[in-house]
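Contents: one structure, followed by commentary.
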Protein chains: 2
Amino acid sequence: MRKTKYGVSVDLQMDVDAAIKKTTDRLKDQGFGVLTDIDVQKTLKEKLDVDFVKYHILGACNPPLAHKALQAEEEIGLLLPCNVIVYETGEKRCRVAAIDVTAAMSVVGNEELTPVADEVAHKLAAVMTSLSEDFSDKE
Amino acid sequence: MRKTKYGVSVDLQMDVDAAIKKTTDRLKDQGFGVLTDIDVQKTLKEKLDVDFVKYHILGACNPPLAHKALQAEEEIGLLLPCNVIVYETGEKRCRVAAIDVTAAMSVVGNEELTPVADEVAHKLAAVMTSLSEDFSDKE
């Protein structure tokens, strides 16, 4: 598992479509539903006629935690849902990355949000660990 | 127009459904399509059986700028699309807020992104100004 300034990612040995299915399953295990799925490749082709790698932005939402966050901070919808991206890195190779919720929510500066953000971060880390353990690109 | 740590907002004299239509139009004027629309009230009712105010999260995307951002920073999809929220604050009263892209993207720390983020911020500010000028809640 790789950590960047605003996300955590894992490299998987499968194509993007398979990875979206596996990621959706593992998110569900942690109480997240996928509310939105933006097909970036398709959008850029349709709107700009440019070619791009296969790249999806999934909007994941854990309803009880989203509800808590909204109660603590009315406009937190500006930072919801939690994004998980899946994009191709080669043949039958892709990367799955999840937003670092603690980093993303740090701009808000509301202490009431901290325990909620920490719980979301913990659950997303569990999703990534589970994907990494089962399907990691060992090369 | 009101500025918070991570967004700009305006209060409008209309209901949420009307405001979504007007906001979508004004976003279109600035080159943004609305790719996603999460009905938070409906989601929380269905998943948790709790009552919440009418609250929508719109995912707005300006394709040429999104493409530039993705070329500058592969995983910027974690922070896309740009969220615009519309929620009720009273009878025929609502608030529209847009993410402060400069604040949200500050966590990335990639200088190549700065001019793109600035351009997006400028266009979203133009959307908010236009809504404020035409439909502001003057009370």
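In the structure tokens, chains take letters A, B, ... by order of appearance, with residues numbered from 1 within each chain and ligands from 1 in the order shown.
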Legend entry - stretch 25-28 of chain A environment, 10 Å, only C-alpha atoms, sequence neighbours closer than 6 positions dropped, as a PyMOL selection string: chain A and resi 19+34+60-62+84+123-124+126-131
Saved selection, atoms kept: C-alpha atoms, as a JSON list (two decimals), in the first residue's frame:
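And here's out-v5.json as it stands now:
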[["chain", "number", "residue", "atom", "x", "y", "z"],
["A", 19, "ALA", "CA", -11.22, -4.02, -9.95],
["A", 34, "VAL", "CA", -21.10, 3.45, -4.36],
["A", 60, "ALA", "CA", -18.47, 6.04, -1.88],
["A", 61, "CYS", "CA", -20.79, 6.86, 1.00],
["A", 62, "ASN", "CA", -21.16, 5.29, 4.43],
["A", 84, "VAL", "CA", -12.13, 6.05, -4.79],
["A", 123, "LYS", "CA", -12.63, 1.89, 7.13],
["A", 124, "LEU", "CA", -11.17, 3.00, 3.78],
["A", 126, "ALA", "CA", -9.36, -1.60, 5.70],
["A", 127, "VAL", "CA", -10.79, -1.72, 2.15],
["A", 128, "MET", "CA", -7.39, -1.00, 0.64],
["A", 129, "THR", "CA", -5.60, -3.51, 2.89],
["A", 130, "SER", "CA", -8.11, -6.20, 1.98],
["A", 131, "LEU", "CA", -7.68, -5.52, -1.76]]
Write out as a PDB file with N, CA and C atoms, in the first residue's frame all residues of chain B that backbone DSSP assigns to alpha helix (DSSP H).
ATOM      1  N   VAL B  16     -35.233  24.449  -3.557  1.00  0.00           N
ATOM      2  CA  VAL B  16     -34.038  23.707  -3.963  1.00  0.00           C
ATOM      3  C   VAL B  16     -34.126  23.245  -5.420  1.00  0.00           C
ATOM      4  N   ASP B  17     -35.278  22.733  -5.835  1.00  0.00           N
ATOM      5  CA  ASP B  17     -35.390  22.230  -7.211  1.00  0.00           C
ATOM      6  C   ASP B  17     -35.152  23.340  -8.233  1.00  0.00           C
ATOM      7  N   ALA B  18     -35.739  24.502  -7.981  1.00  0.00           N
ATOM      8  CA  ALA B  18     -35.534  25.640  -8.884  1.00  0.00           C
ATOM      9  C   ALA B  18     -34.063  26.068  -8.878  1.00  0.00           C
ATOM     10  N   ALA B  19     -33.460  26.060  -7.685  1.00  0.00           N
ATOM     11  CA  ALA B  19     -32.057  26.485  -7.566  1.00  0.00           C
ATOM     12  C   ALA B  19     -31.125  25.508  -8.295  1.00  0.00           C
ATOM     13  N   ILE B  20     -31.447  24.224  -8.258  1.00  0.00           N
ATOM     14  CA  ILE B  20     -30.621  23.244  -8.982  1.00  0.00           C
ATOM     15  C   ILE B  20     -30.650  23.562 -10.478  1.00  0.00           C
ATOM     16  N   LYS B  21     -31.850  23.877 -10.983  1.00  0.00           N
ATOM     17  CA  LYS B  21     -31.975  24.205 -12.420  1.00  0.00           C
ATOM     18  C   LYS B  21     -31.166  25.446 -12.771  1.00  0.00           C
ATOM     19  N   LYS B  22     -31.328  26.512 -11.966  1.00  0.00           N
ATOM     20  CA  LYS B  22     -30.607  27.763 -12.232  1.00  0.00           C
ATOM     21  C   LYS B  22     -29.093  27.547 -12.120  1.00  0.00           C
ATOM     22  N   THR B  23     -28.683  26.815 -11.086  1.00  0.00           N
ATOM     23  CA  THR B  23     -27.251  26.569 -10.880  1.00  0.00           C
ATOM     24  C   THR B  23     -26.671  25.775 -12.041  1.00  0.00           C
ATOM     25  N   THR B  24     -27.411  24.762 -12.482  1.00  0.00           N
ATOM     26  CA  THR B  24     -26.956  23.942 -13.606  1.00  0.00           C
ATOM     27  C   THR B  24     -26.787  24.802 -14.863  1.00  0.00           C
ATOM     28  N   ASP B  25     -27.738  25.710 -15.094  1.00  0.00           N
ATOM     29  CA  ASP B  25     -27.645  26.629 -16.245  1.00  0.00           C
ATOM     30  C   ASP B  25     -26.406  27.513 -16.160  1.00  0.00           C
ATOM     31  N   ARG B  26     -26.201  28.081 -14.974  1.00  0.00           N
ATOM     32  CA  ARG B  26     -25.076  29.010 -14.818  1.00  0.00           C
ATOM     33  C   ARG B  26     -23.732  28.270 -14.897  1.00  0.00           C
ATOM     34  N   LEU B  27     -23.710  27.042 -14.388  1.00  0.00           N
ATOM     35  CA  LEU B  27     -22.497  26.225 -14.517  1.00  0.00           C
ATOM     36  C   LEU B  27     -22.206  25.966 -15.995  1.00  0.00           C
ATOM     37  N   LYS B  28     -23.264  25.689 -16.751  1.00  0.00           N
ATOM     38  CA  LYS B  28     -23.116  25.424 -18.184  1.00  0.00           C
ATOM     39  C   LYS B  28     -22.524  26.643 -18.899  1.00  0.00           C
ATOM     40  N   ASP B  29     -22.976  27.836 -18.484  1.00  0.00           N
ATOM     41  CA  ASP B  29     -22.431  29.076 -19.074  1.00  0.00           C
ATOM     42  C   ASP B  29     -20.912  29.167 -18.895  1.00  0.00           C
ATOM     43  N   VAL B  40     -29.221  13.809  -1.034  1.00  0.00           N
ATOM     44  CA  VAL B  40     -28.805  13.404   0.315  1.00  0.00           C
ATOM     45  C   VAL B  40     -30.026  13.063   1.173  1.00  0.00           C
ATOM     46  N   GLN B  41     -31.065  13.896   1.077  1.00  0.00           N
ATOM     47  CA  GLN B  41     -32.276  13.654   1.873  1.00  0.00           C
ATOM     48  C   GLN B  41     -32.851  12.266   1.576  1.00  0.00           C
ATOM     49  N   LYS B  42     -32.945  11.951   0.289  1.00  0.00           N
ATOM     50  CA  LYS B  42     -33.510  10.662  -0.140  1.00  0.00           C
ATOM     51  C   LYS B  42     -32.608   9.498   0.298  1.00  0.00           C
ATOM     52  N   THR B  43     -31.300   9.685   0.149  1.00  0.00           N
ATOM     53  CA  THR B  43     -30.354   8.630   0.521  1.00  0.00           C
ATOM     54  C   THR B  43     -30.426   8.340   2.018  1.00  0.00           C
ATOM     55  N   LEU B  44     -30.451   9.394   2.835  1.00  0.00           N
ATOM     56  CA  LEU B  44     -30.493   9.191   4.293  1.00  0.00           C
ATOM     57  C   LEU B  44     -31.820   8.573   4.730  1.00  0.00           C
ATOM     58  N   LYS B  45     -32.906   8.949   4.033  1.00  0.00           N
ATOM     59  CA  LYS B  45     -34.212   8.368   4.356  1.00  0.00           C
ATOM     60  C   LYS B  45     -34.208   6.873   4.014  1.00  0.00           C
ATOM     61  N   GLU B  46     -33.726   6.542   2.845  1.00  0.00           N
ATOM     62  CA  GLU B  46     -33.731   5.144   2.397  1.00  0.00           C
ATOM     63  C   GLU B  46     -32.811   4.258   3.233  1.00  0.00           C
ATOM     64  N   LYS B  47     -31.611   4.778   3.538  1.00  0.00           N
ATOM     65  CA  LYS B  47     -30.603   3.939   4.190  1.00  0.00           C
ATOM     66  C   LYS B  47     -30.735   3.921   5.708  1.00  0.00           C
ATOM     67  N   LEU B  48     -31.169   5.044   6.291  1.00  0.00           N
ATOM     68  CA  LEU B  48     -31.170   5.152   7.762  1.00  0.00           C
ATOM     69  C   LEU B  48     -32.544   5.463   8.338  1.00  0.00           C
ATOM     70  N   PRO B  63     -14.746  19.846 -18.724  1.00  0.00           N
ATOM     71  CA  PRO B  63     -13.879  18.826 -19.321  1.00  0.00           C
ATOM     72  C   PRO B  63     -12.479  19.295 -19.722  1.00  0.00           C
ATOM     73  N   PRO B  64     -12.312  20.464 -20.393  1.00  0.00           N
ATOM     74  CA  PRO B  64     -10.937  20.846 -20.754  1.00  0.00           C
ATOM     75  C   PRO B  64     -10.051  21.058 -19.521  1.00  0.00           C
ATOM     76  N   LEU B  65     -10.631  21.634 -18.458  1.00  0.00           N
ATOM     77  CA  LEU B  65      -9.837  21.882 -17.252  1.00  0.00           C
ATOM     78  C   LEU B  65      -9.590  20.589 -16.477  1.00  0.00           C
ATOM     79  N   ALA B  66     -10.573  19.693 -16.473  1.00  0.00           N
ATOM     80  CA  ALA B  66     -10.378  18.387 -15.827  1.00  0.00           C
ATOM     81  C   ALA B  66      -9.262  17.622 -16.543  1.00  0.00           C
ATOM     82  N   HIS B  67      -9.257  17.701 -17.859  1.00  0.00           N
ATOM     83  CA  HIS B  67      -8.221  17.014 -18.643  1.00  0.00           C
ATOM     84  C   HIS B  67      -6.831  17.571 -18.309  1.00  0.00           C
ATOM     85  N   LYS B  68      -6.733  18.905 -18.239  1.00  0.00           N
ATOM     86  CA  LYS B  68      -5.446  19.534 -17.869  1.00  0.00           C
ATOM     87  C   LYS B  68      -5.002  19.095 -16.477  1.00  0.00           C
ATOM     88  N   ALA B  69      -5.960  19.063 -15.543  1.00  0.00           N
ATOM     89  CA  ALA B  69      -5.633  18.680 -14.166  1.00  0.00           C
ATOM     90  C   ALA B  69      -5.133  17.234 -14.110  1.00  0.00           C
ATOM     91  N   LEU B  70      -5.785  16.354 -14.868  1.00  0.00           N
ATOM     92  CA  LEU B  70      -5.400  14.936 -14.877  1.00  0.00           C
ATOM     93  C   LEU B  70      -4.023  14.741 -15.515  1.00  0.00           C
ATOM     94  N   GLN B  71      -3.696  15.592 -16.496  1.00  0.00           N
ATOM     95  CA  GLN B  71      -2.379  15.492 -17.125  1.00  0.00           C
ATOM     96  C   GLN B  71      -1.286  15.982 -16.178  1.00  0.00           C
ATOM     97  N   ALA B  72      -1.635  16.968 -15.353  1.00  0.00           N
ATOM     98  CA  ALA B  72      -0.655  17.517 -14.403  1.00  0.00           C
ATOM     99  C   ALA B  72      -0.496  16.609 -13.186  1.00  0.00           C
ATOM    100  N   VAL B 101     -11.817  25.499  -4.736  1.00  0.00           N
ATOM    101  CA  VAL B 101     -10.903  24.571  -5.405  1.00  0.00           C
ATOM    102  C   VAL B 101      -9.461  24.811  -4.971  1.00  0.00           C
ATOM    103  N   THR B 102      -9.112  26.061  -4.776  1.00  0.00           N
ATOM    104  CA  THR B 102      -7.739  26.382  -4.378  1.00  0.00           C
ATOM    105  C   THR B 102      -7.426  25.771  -3.011  1.00  0.00           C
ATOM    106  N   ALA B 103      -8.383  25.874  -2.069  1.00  0.00           N
ATOM    107  CA  ALA B 103      -8.189  25.277  -0.743  1.00  0.00           C
ATOM    108  C   ALA B 103      -8.142  23.758  -0.847  1.00  0.00           C
ATOM    109  N   ALA B 104      -9.107  23.182  -1.586  1.00  0.00           N
ATOM    110  CA  ALA B 104      -9.195  21.720  -1.680  1.00  0.00           C
ATOM    111  C   ALA B 104      -7.943  21.128  -2.325  1.00  0.00           C
ATOM    112  N   MET B 105      -7.410  21.823  -3.334  1.00  0.00           N
ATOM    113  CA  MET B 105      -6.257  21.269  -4.052  1.00  0.00           C
ATOM    114  C   MET B 105      -4.927  21.618  -3.398  1.00  0.00           C
ATOM    115  N   THR B 114      -1.664  24.616  -9.977  1.00  0.00           N
ATOM    116  CA  THR B 114      -2.119  25.928  -9.497  1.00  0.00           C
ATOM    117  C   THR B 114      -2.882  26.743 -10.548  1.00  0.00           C
ATOM    118  N   PRO B 115      -2.319  26.924 -11.781  1.00  0.00           N
ATOM    119  CA  PRO B 115      -3.067  27.732 -12.756  1.00  0.00           C
ATOM    120  C   PRO B 115      -4.414  27.105 -13.137  1.00  0.00           C
ATOM    121  N   VAL B 116      -4.481  25.780 -13.163  1.00  0.00           N
ATOM    122  CA  VAL B 116      -5.739  25.109 -13.487  1.00  0.00           C
ATOM    123  C   VAL B 116      -6.745  25.336 -12.356  1.00  0.00           C
ATOM    124  N   ALA B 117      -6.292  25.142 -11.123  1.00  0.00           N
ATOM    125  CA  ALA B 117      -7.171  25.358  -9.964  1.00  0.00           C
ATOM    126  C   ALA B 117      -7.657  26.804  -9.927  1.00  0.00           C
ATOM    127  N   ASP B 118      -6.763  27.735 -10.230  1.00  0.00           N
ATOM    128  CA  ASP B 118      -7.149  29.150 -10.228  1.00  0.00           C
ATOM    129  C   ASP B 118      -8.220  29.427 -11.284  1.00  0.00           C
ATOM    130  N   GLU B 119      -8.074  28.808 -12.450  1.00  0.00           N
ATOM    131  CA  GLU B 119      -9.055  29.033 -13.514  1.00  0.00           C
ATOM    132  C   GLU B 119     -10.416  28.447 -13.123  1.00  0.00           C
ATOM    133  N   VAL B 120     -10.397  27.256 -12.534  1.00  0.00           N
ATOM    134  CA  VAL B 120     -11.652  26.643 -12.073  1.00  0.00           C
ATOM    135  C   VAL B 120     -12.296  27.520 -10.993  1.00  0.00           C
ATOM    136  N   ALA B 121     -11.477  27.983 -10.047  1.00  0.00           N
ATOM    137  CA  ALA B 121     -11.990  28.819  -8.956  1.00  0.00           C
ATOM    138  C   ALA B 121     -12.635  30.090  -9.514  1.00  0.00           C
ATOM    139  N   HIS B 122     -11.981  30.680 -10.518  1.00  0.00           N
ATOM    140  CA  HIS B 122     -12.477  31.903 -11.150  1.00  0.00           C
ATOM    141  C   HIS B 122     -13.846  31.651 -11.800  1.00  0.00           C
ATOM    142  N   LYS B 123     -13.968  30.526 -12.482  1.00  0.00           N
ATOM    143  CA  LYS B 123     -15.230  30.209 -13.177  1.00  0.00           C
ATOM    144  C   LYS B 123     -16.346  29.900 -12.165  1.00  0.00           C
ATOM    145  N   LEU B 124     -16.001  29.181 -11.100  1.00  0.00           N
ATOM    146  CA  LEU B 124     -17.031  28.884 -10.086  1.00  0.00           C
ATOM    147  C   LEU B 124     -17.464  30.166  -9.375  1.00  0.00           C
ATOM    148  N   ALA B 125     -16.522  31.071  -9.151  1.00  0.00           N
ATOM    149  CA  ALA B 125     -16.872  32.358  -8.540  1.00  0.00           C
ATOM    150  C   ALA B 125     -17.826  33.128  -9.452  1.00  0.00           C
ATOM    151  N   ALA B 126     -17.593  33.038 -10.765  1.00  0.00           N
ATOM    152  CA  ALA B 126     -18.476  33.716 -11.724  1.00  0.00           C
ATOM    153  C   ALA B 126     -19.893  33.133 -11.665  1.00  0.00           C
ATOM    154  N   VAL B 127     -19.990  31.823 -11.484  1.00  0.00           N
ATOM    155  CA  VAL B 127     -21.302  31.167 -11.337  1.00  0.00           C
ATOM    156  C   VAL B 127     -22.013  31.716 -10.102  1.00  0.00           C
ATOM    157  N   MET B 128     -21.280  31.778  -8.996  1.00  0.00           N
ATOM    158  CA  MET B 128     -21.886  32.219  -7.738  1.00  0.00           C
ATOM    159  C   MET B 128     -22.284  33.695  -7.816  1.00  0.00           C
ATOM    160  N   THR B 129     -21.440  34.517  -8.408  1.00  0.00           N
ATOM    161  CA  THR B 129     -21.750  35.939  -8.562  1.00  0.00           C
ATOM    162  C   THR B 129     -23.003  36.121  -9.402  1.00  0.00           C
ATOM    163  N   SER B 130     -23.090  35.370 -10.477  1.00  0.00           N
ATOM    164  CA  SER B 130     -24.244  35.496 -11.370  1.00  0.00           C
ATOM    165  C   SER B 130     -25.540  35.075 -10.660  1.00  0.00           C
ATOM    166  N   LEU B 131     -25.465  34.002  -9.864  1.00  0.00           N
ATOM    167  CA  LEU B 131     -26.648  33.583  -9.097  1.00  0.00           C
ATOM    168  C   LEU B 131     -27.011  34.649  -8.065  1.00  0.00           C
ATOM    169  N   SER B 132     -25.992  35.155  -7.409  1.00  0.00           N
ATOM    170  CA  SER B 132     -26.210  36.149  -6.360  1.00  0.00           C
ATOM    171  C   SER B 132     -26.844  37.413  -6.930  1.00  0.00           C
ATOM    172  N   GLU B 133     -26.338  37.866  -8.071  1.00  0.00           N
ATOM    173  CA  GLU B 133     -26.857  39.096  -8.681  1.00  0.00           C
ATOM    174  C   GLU B 133     -28.320  38.954  -9.095  1.00  0.00           C
ATOM    175  N   ASP B 134     -28.674  37.776  -9.595  1.00  0.00           N
ATOM    176  CA  ASP B 134     -30.028  37.613 -10.132  1.00  0.00           C
ATOM    177  C   ASP B 134     -31.055  37.115  -9.121  1.00  0.00           C
ATOM    178  N   PHE B 135     -30.622  36.321  -8.140  1.00  0.00           N
ATOM    179  CA  PHE B 135     -31.615  35.657  -7.287  1.00  0.00           C
ATOM    180  C   PHE B 135     -31.309  35.737  -5.802  1.00  0.00           C
TER     181      PHE B 135
END
Inset, instruction - Compute the chain B side of the contact with chain A at 6 Å, counting only C-alpha atoms, and hand it back as a list in words. - result: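 So the contacting residues turn out to be Leu78, Asn83 and Ile99 of chain B.
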Once you have the residues from the selection above, write them out as a JSON list (two decimals), in the first residue's frame, restricted to N, CA, C and O atoms.
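The result, stored in out07.json:
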[["chain", "number", "residue", "atom", "x", "y", "z"],
["B", 78, "LEU", "N", -9.16, 11.92, -7.38],
["B", 78, "LEU", "CA", -9.58, 11.81, -5.98],
["B", 78, "LEU", "C", -10.26, 13.09, -5.50],
["B", 78, "LEU", "O", -11.01, 13.07, -4.53],
["B", 83, "ASN", "N", -17.52, 19.90, -6.36],
["B", 83, "ASN", "CA", -18.85, 19.83, -5.76],
["B", 83, "ASN", "C", -19.52, 21.19, -5.62],
["B", 83, "ASN", "O", -18.89, 22.17, -5.23],
["B", 99, "ILE", "N", -17.34, 24.38, -3.85],
["B", 99, "ILE", "CA", -16.06, 24.08, -3.21],
["B", 99, "ILE", "C", -15.03, 25.16, -3.57],
["B", 99, "ILE", "O", -15.02, 25.66, -4.69]]
Inset, instruction - Using backbone DSSP assignments, extract all strand (DSSP E or B) residues from stretch 47-95 of chain B; output them as a VMD selection string. - result: chain B and resid 55 to 61 82 to 90 93 to 95
What does the file look like for those residues with all heavy atoms, as a CSV table (one decimal), in the first residue's frame?
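Dumped to again10.csv:
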chain,number,residue,atom,x,y,z
B,55,TYR,N,-31.3,18.4,0.3
B,55,TYR,CA,-29.9,18.7,0.2
B,55,TYR,C,-29.3,17.9,-1.0
B,55,TYR,O,-29.4,16.7,-1.0
B,55,TYR,CB,-29.2,18.3,1.5
B,55,TYR,CG,-27.8,18.7,1.8
B,55,TYR,CD1,-27.5,19.4,3.0
B,55,TYR,CD2,-26.7,18.3,1.0
B,55,TYR,CE1,-26.2,19.8,3.3
B,55,TYR,CE2,-25.4,18.7,1.3
B,55,TYR,CZ,-25.2,19.4,2.5
B,55,TYR,OH,-23.9,19.8,2.8
B,56,HIS,N,-28.8,18.6,-2.0
B,56,HIS,CA,-28.2,17.9,-3.1
B,56,HIS,C,-26.8,18.2,-3.3
B,56,HIS,O,-26.3,19.3,-3.0
B,56,HIS,CB,-29.0,18.3,-4.4
B,56,HIS,CG,-30.3,17.7,-4.6
B,56,HIS,ND1,-30.5,16.7,-5.6
B,56,HIS,CD2,-31.5,17.8,-3.9
B,56,HIS,CE1,-31.8,16.3,-5.5
B,56,HIS,NE2,-32.4,16.9,-4.5
B,57,ILE,N,-26.0,17.2,-3.7
B,57,ILE,CA,-24.6,17.4,-4.0
B,57,ILE,C,-24.4,17.2,-5.5
B,57,ILE,O,-24.6,16.1,-6.0
B,57,ILE,CB,-23.7,16.4,-3.3
B,57,ILE,CG1,-23.9,16.5,-1.7
B,57,ILE,CG2,-22.2,16.6,-3.6
B,57,ILE,CD1,-23.2,15.3,-0.9
B,58,LEU,N,-24.1,18.3,-6.2
B,58,LEU,CA,-23.9,18.2,-7.7
B,58,LEU,C,-22.4,18.1,-7.9
B,58,LEU,O,-21.6,18.8,-7.4
B,58,LEU,CB,-24.4,19.5,-8.3
B,58,LEU,CG,-25.9,19.9,-8.0
B,58,LEU,CD1,-26.2,21.2,-8.7
B,58,LEU,CD2,-26.9,18.8,-8.3
B,59,GLY,N,-22.1,17.2,-8.8
B,59,GLY,CA,-20.7,17.0,-9.2
B,59,GLY,C,-20.5,17.7,-10.6
B,59,GLY,O,-20.9,17.2,-11.6
B,60,ALA,N,-19.8,18.8,-10.6
B,60,ALA,CA,-19.6,19.7,-11.8
B,60,ALA,C,-18.3,19.4,-12.4
B,60,ALA,O,-17.3,19.4,-11.7
B,60,ALA,CB,-19.8,21.1,-11.4
B,61,CYS,N,-18.2,19.3,-13.7
B,61,CYS,CA,-17.0,19.1,-14.4
B,61,CYS,C,-16.8,19.9,-15.6
B,61,CYS,O,-17.7,20.0,-16.5
B,61,CYS,CB,-16.9,17.6,-14.8
B,61,CYS,SG,-15.5,17.2,-15.9
B,82,CYS,N,-15.9,18.9,-9.2
B,82,CYS,CA,-16.0,20.0,-8.2
B,82,CYS,C,-17.4,20.0,-7.7
B,82,CYS,O,-18.4,20.0,-8.4
B,82,CYS,CB,-15.8,21.3,-8.9
B,82,CYS,SG,-14.1,21.5,-9.6
B,83,ASN,N,-17.5,19.9,-6.4
B,83,ASN,CA,-18.9,19.8,-5.8
B,83,ASN,C,-19.5,21.2,-5.6
B,83,ASN,O,-18.9,22.2,-5.2
B,83,ASN,CB,-18.8,19.2,-4.4
B,83,ASN,CG,-18.7,17.7,-4.4
B,83,ASN,OD1,-18.7,17.1,-5.5
B,83,ASN,ND2,-18.7,17.1,-3.3
B,84,VAL,N,-20.8,21.2,-5.9
B,84,VAL,CA,-21.7,22.3,-5.7
B,84,VAL,C,-22.9,21.8,-4.9
B,84,VAL,O,-23.5,20.8,-5.4
B,84,VAL,CB,-22.1,23.0,-7.0
B,84,VAL,CG1,-23.1,24.2,-6.7
B,84,VAL,CG2,-20.9,23.5,-7.8
B,85,ILE,N,-23.1,22.3,-3.7
B,85,ILE,CA,-24.3,21.8,-2.9
B,85,ILE,C,-25.4,22.8,-3.0
B,85,ILE,O,-25.2,24.0,-3.1
B,85,ILE,CB,-23.9,21.5,-1.5
B,85,ILE,CG1,-23.3,22.7,-0.7
B,85,ILE,CG2,-22.9,20.3,-1.4
B,85,ILE,CD1,-23.0,22.4,0.7
B,86,VAL,N,-26.6,22.3,-2.9
B,86,VAL,CA,-27.8,23.1,-2.9
B,86,VAL,C,-28.7,22.6,-1.7
B,86,VAL,O,-29.1,21.4,-1.8
B,86,VAL,CB,-28.6,23.1,-4.2
B,86,VAL,CG1,-29.8,24.1,-4.1
B,86,VAL,CG2,-27.7,23.4,-5.4
B,87,TYR,N,-29.0,23.4,-0.7
B,87,TYR,CA,-29.8,22.8,0.4
B,87,TYR,C,-30.8,23.9,0.9
B,87,TYR,O,-30.5,25.1,0.8
B,87,TYR,CB,-28.9,22.2,1.5
B,87,TYR,CG,-28.0,23.2,2.2
B,87,TYR,CD1,-28.4,23.8,3.4
B,87,TYR,CD2,-26.8,23.5,1.7
B,87,TYR,CE1,-27.5,24.6,4.1
B,87,TYR,CE2,-25.9,24.3,2.4
B,87,TYR,CZ,-26.3,24.9,3.6
B,87,TYR,OH,-25.4,25.7,4.2
B,88,GLU,N,-31.9,23.4,1.4
B,88,GLU,CA,-32.9,24.3,1.9
B,88,GLU,C,-32.6,24.9,3.2
B,88,GLU,O,-32.0,24.3,4.1
B,88,GLU,CB,-34.3,23.6,1.9
B,88,GLU,CG,-34.4,22.5,3.0
B,88,GLU,CD,-35.8,21.9,3.0
B,88,GLU,OE1,-36.8,22.7,3.1
B,88,GLU,OE2,-35.9,20.7,3.0
B,89,THR,N,-32.9,26.2,3.3
B,89,THR,CA,-32.7,26.9,4.6
B,89,THR,C,-34.0,27.5,5.1
B,89,THR,O,-34.0,28.1,6.2
B,89,THR,CB,-31.7,28.1,4.4
B,89,THR,OG1,-32.2,28.9,3.3
B,89,THR,CG2,-30.3,27.6,4.0
B,90,GLY,N,-35.1,27.3,4.4
B,90,GLY,CA,-36.4,27.8,4.8
B,90,GLY,C,-37.4,27.6,3.7
B,90,GLY,O,-37.0,27.0,2.7
B,93,ARG,N,-36.4,29.2,0.3
B,93,ARG,CA,-35.1,29.8,0.6
B,93,ARG,C,-34.1,28.6,0.5
B,93,ARG,O,-34.4,27.5,1.1
B,93,ARG,CB,-35.0,30.3,2.0
B,93,ARG,CG,-35.9,31.6,2.3
B,93,ARG,CD,-35.2,32.8,1.9
B,93,ARG,NE,-35.9,34.0,2.2
B,93,ARG,CZ,-37.0,34.5,1.6
B,93,ARG,NH1,-37.5,33.8,0.7
B,93,ARG,NH2,-37.5,35.6,2.0
B,94,CYS,N,-33.0,28.9,-0.1
B,94,CYS,CA,-31.9,27.9,-0.1
B,94,CYS,C,-30.6,28.5,-0.2
B,94,CYS,O,-30.4,29.7,-0.4
B,94,CYS,CB,-32.2,26.9,-1.2
B,94,CYS,SG,-31.9,27.6,-2.8
B,95,ARG,N,-29.6,27.7,0.1
B,95,ARG,CA,-28.2,28.1,-0.1
B,95,ARG,C,-27.5,27.2,-1.1
B,95,ARG,O,-27.7,26.0,-1.2
B,95,ARG,CB,-27.5,27.9,1.3
B,95,ARG,CG,-26.0,28.5,1.2
B,95,ARG,CD,-25.5,28.6,2.6
B,95,ARG,NE,-26.1,29.6,3.4
B,95,ARG,CZ,-26.2,29.7,4.7
B,95,ARG,NH1,-25.5,28.9,5.4
B,95,ARG,NH2,-26.8,30.7,5.3
Legend entry - Separation of atom CA of A:Leu113 from atom CA of B:Val10, in Å and rounded to one decimal: 23.6 Å
